[in-house]
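So this block is protein22.txt, compact mmCIF, C-alpha atoms:
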```txt
# COMPACT_ATOMS: atom_id res chain seq x y z
CA MET A 12 11.30 106.70 -32.18
CA SER A 13 14.06 106.52 -34.81
CA VAL A 14 17.27 104.63 -34.11
CA VAL A 15 20.71 105.32 -35.52
CA LYS A 16 23.27 102.60 -36.19
CA ILE A 17 26.87 103.58 -36.80
CA ASN A 18 29.12 100.79 -38.03
CA VAL A 19 32.73 101.75 -37.27
CA LEU A 20 34.95 100.02 -39.83
CA THR A 21 38.73 99.89 -39.36
CA VAL A 22 40.09 100.12 -42.90
CA PRO A 23 43.81 100.09 -43.71
CA GLN A 24 44.90 102.79 -46.17
CA GLU A 25 45.52 100.24 -48.94
CA GLN A 26 41.94 98.91 -48.64
CA ARG A 27 40.05 102.23 -48.73
CA GLU A 28 39.42 102.19 -52.48
CA THR A 29 38.22 98.57 -52.28
CA LEU A 30 35.79 99.39 -49.47
CA GLU A 31 34.36 102.40 -51.32
CA LYS A 32 33.95 100.41 -54.55
CA ARG A 33 32.11 97.64 -52.70
CA PHE A 34 29.71 100.13 -51.14
CA ALA A 35 29.20 101.81 -54.53
CA SER A 36 28.42 98.46 -56.16
CA ARG A 37 25.66 97.90 -53.59
CA ALA A 38 24.34 101.45 -53.86
CA HIS A 39 20.59 101.69 -53.40
CA ALA A 40 20.38 98.19 -51.86
CA VAL A 41 19.03 99.51 -48.56
CA GLU A 42 16.73 102.36 -49.67
CA SER A 43 13.65 100.21 -50.28
CA SER A 44 13.89 98.41 -46.93
CA ASP A 45 10.89 98.90 -44.66
CA GLY A 46 11.69 101.43 -41.96
CA PHE A 47 14.87 102.75 -43.62
CA GLU A 48 15.34 106.52 -43.22
CA TRP A 49 18.95 107.49 -44.08
CA PHE A 50 22.42 106.23 -45.09
CA GLU A 51 25.88 107.83 -45.27
CA LEU A 52 29.36 106.37 -45.74
CA LEU A 53 31.83 108.70 -44.02
CA ARG A 54 35.50 108.65 -45.11
CA PRO A 55 38.11 109.65 -42.51
CA VAL A 56 40.18 112.69 -43.43
CA GLU A 57 42.66 112.88 -40.57
CA GLY A 58 43.66 111.18 -37.34
CA THR A 59 41.95 107.80 -37.84
CA ASP A 60 41.60 104.88 -40.22
CA ALA A 61 37.96 104.32 -39.25
CA TYR A 62 35.13 104.73 -41.75
CA LEU A 63 31.68 105.36 -40.31
CA VAL A 64 28.62 103.79 -41.91
CA TYR A 65 25.64 105.82 -40.66
CA THR A 66 22.14 104.42 -41.03
CA ARG A 67 18.90 105.66 -39.53
CA TRP A 68 15.82 103.47 -39.06
CA ARG A 69 12.21 103.97 -37.98
CA ASP A 70 12.78 101.52 -35.11
CA GLU A 71 15.00 98.68 -33.90
CA GLU A 72 12.71 96.06 -35.45
CA SER A 73 13.18 97.57 -38.93
CA PHE A 74 16.96 97.48 -38.53
CA GLN A 75 16.94 93.88 -37.29
CA ALA A 76 14.70 92.78 -40.18
CA TRP A 77 17.16 94.33 -42.66
CA MET A 78 20.14 92.73 -40.86
CA GLU A 79 18.56 89.26 -41.03
CA GLY A 80 17.30 89.65 -44.60
CA PRO A 81 18.82 91.87 -47.32
CA MET A 82 22.07 92.72 -45.48
CA LYS A 83 22.83 89.10 -44.64
CA ALA A 84 22.10 88.00 -48.21
CA ALA A 85 24.32 90.74 -49.68
CA HIS A 86 27.27 89.71 -47.52
CA GLN A 87 26.90 85.99 -48.24
CA GLY A 88 26.77 86.36 -52.02
CA GLY A 89 30.45 87.01 -52.69
CA GLY A 90 30.18 86.82 -56.49
CA ALA A 91 33.75 85.56 -56.91
CA PRO A 92 34.60 82.66 -59.24
CA GLY A 93 34.18 79.29 -57.55
CA GLY A 94 31.84 80.81 -54.98
CA GLU A 95 34.70 82.17 -52.86
CA ARG A 96 34.06 85.33 -50.92
CA PRO A 97 36.47 88.22 -51.46
CA LYS A 98 38.75 89.19 -48.58
CA PRO A 99 37.11 91.78 -46.28
CA ALA A 100 38.29 95.36 -46.87
CA ALA A 101 37.87 96.22 -43.18
CA SER A 102 40.03 94.67 -40.49
CA GLY A 103 37.51 95.36 -37.73
CA SER A 104 33.92 96.41 -37.14
CA THR A 105 31.95 97.76 -34.19
CA VAL A 106 28.30 98.86 -34.24
CA TRP A 107 27.20 101.80 -32.12
CA SER A 108 23.45 102.17 -31.45
CA PHE A 109 21.59 105.35 -30.55
CA GLU A 110 18.00 106.53 -30.15
CA VAL A 111 17.14 109.89 -31.69
CA VAL A 112 15.87 112.04 -28.82
CA GLN A 113 16.17 115.45 -30.46
CA GLN A 114 16.65 116.73 -34.00
CA ALA A 115 16.52 119.93 -36.04
CA ALA A 116 16.27 120.69 -39.74
CA PRO A 117 17.29 123.86 -41.58
CA LYS A 118 14.66 126.61 -41.54
CA GLU A 119 12.94 127.34 -44.84
CA ALA A 120 14.10 130.65 -46.35
```
Exercise: express the given structure as structure tokens:
Amino acid sequence: MSVVKINVLTVPQEQRETLEKRFASRAHAVESSDGFEWFELLRPVEGTDAYLVYTRWRDEESFQAWMEGPMKAAHQGGGAPGGERPKPAASGSTVWSFEVVQQAAPKEA
């Protein structure tokens, strides 16, 4: 059964562009991970400063393997001169977890 992980990132207005650039620079880093099914970065348009990072995985084990491997490595790299990590763009993060119990796709025309 697929699982959905939604990372809720609190991002101040002045950090939005930084966050989006960082995600863009790591584009396609997750797609080849075993068990990966879907990714979306959702920008807030009104009423909140929270971005949603939506990922869908074949199972919990696939997500955990990605968290402990490629995701961890990507966040430890930094790439700044002197080995310093850049300041986080988000001021807070919460992960919501769901199991997919029902789904529908558009009908073919």
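Closest approach to Ser13 (chain A) from the set A:Thr105, A:Val112, A:Met78, A:Arg69 is made by A:Arg69, with distances taken over all atoms listed in the file.
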Worksheet item: Which polymer residues have any atom within 7 Å of an atom of region 38-54 of chain A, counting only C-alpha atoms, with same-chain residues fewer than 6 positions away left out, as an MDAnalysis selection string?
Response: chainID A and resid 62:70 73 77
Selected residues written out, C-alpha atoms, as a compact mmCIF listing (two decimals), in the frame of the given file:
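File written: again02.txt
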```
# COMPACT_ATOMS: atom_id res chain seq x y z
CA TYR A 62 35.13 104.73 -41.75
CA LEU A 63 31.68 105.36 -40.31
CA VAL A 64 28.62 103.79 -41.91
CA TYR A 65 25.64 105.82 -40.66
CA THR A 66 22.14 104.42 -41.03
CA ARG A 67 18.90 105.66 -39.53
CA TRP A 68 15.82 103.47 -39.06
CA ARG A 69 12.21 103.97 -37.98
CA ASP A 70 12.78 101.52 -35.11
CA SER A 73 13.18 97.57 -38.93
CA TRP A 77 17.16 94.33 -42.66
```
Discussion item. Env of Val106 (chain A): 9 Å cut, atoms = all atoms listed in the file, seq-sep filter 3 positions within chain, self excluded. Answer as a VMD selection string.
Written reply: chain A and resid 16 to 20
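Distance-wise, CA of Thr21 (chain A) and CA of Arg33 (chain A) end up 15.1 Å apart.
Taking CA of Val111 (chain A) as the reference point, CA of Met12 (chain A) is found at 6.7 Å.
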Box in all listed atoms of region 95-111 of chain A, axis-aligned, with 6 Å more on each side; write out centre and edge lengths in Å to one decimal as JSON.
```
{"center_x": 28.6, "center_y": 96.0, "center_z": -41.5, "size_x": 34.9, "size_y": 39.7, "size_z": 34.7}
```
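Between CA of Phe109 (chain A) and CA of Val14 (chain A) lies a distance of 5.6 Å.
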Discussion item. Using only C-alpha atoms, list the residues that have an atom at most 12 Å from (45.5, 102.6, -47.0), coordinates as in the file, as number ranges by chain.
Written reply: A: 21-31, 54-56, 59-62, 100-102
Okay, now the selection with C-alpha atoms, as a compact mmCIF listing (two decimals), in the coordinates of the input?
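Listed below is the output, out.txt:
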```
# COMPACT_ATOMS: atom_id res chain seq x y z
CA THR A 21 38.73 99.89 -39.36
CA VAL A 22 40.09 100.12 -42.90
CA PRO A 23 43.81 100.09 -43.71
CA GLN A 24 44.90 102.79 -46.17
CA GLU A 25 45.52 100.24 -48.94
CA GLN A 26 41.94 98.91 -48.64
CA ARG A 27 40.05 102.23 -48.73
CA GLU A 28 39.42 102.19 -52.48
CA THR A 29 38.22 98.57 -52.28
CA LEU A 30 35.79 99.39 -49.47
CA GLU A 31 34.36 102.40 -51.32
CA ARG A 54 35.50 108.65 -45.11
CA PRO A 55 38.11 109.65 -42.51
CA VAL A 56 40.18 112.69 -43.43
CA THR A 59 41.95 107.80 -37.84
CA ASP A 60 41.60 104.88 -40.22
CA ALA A 61 37.96 104.32 -39.25
CA TYR A 62 35.13 104.73 -41.75
CA ALA A 100 38.29 95.36 -46.87
CA ALA A 101 37.87 96.22 -43.18
CA SER A 102 40.03 94.67 -40.49
```
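Between Val15 (chain A) and the candidates A:Pro81, A:Glu110, A:Ala116, A:Ser104, the tightest atom-to-atom separation, counting all atoms listed in the file, involves A:Glu110.
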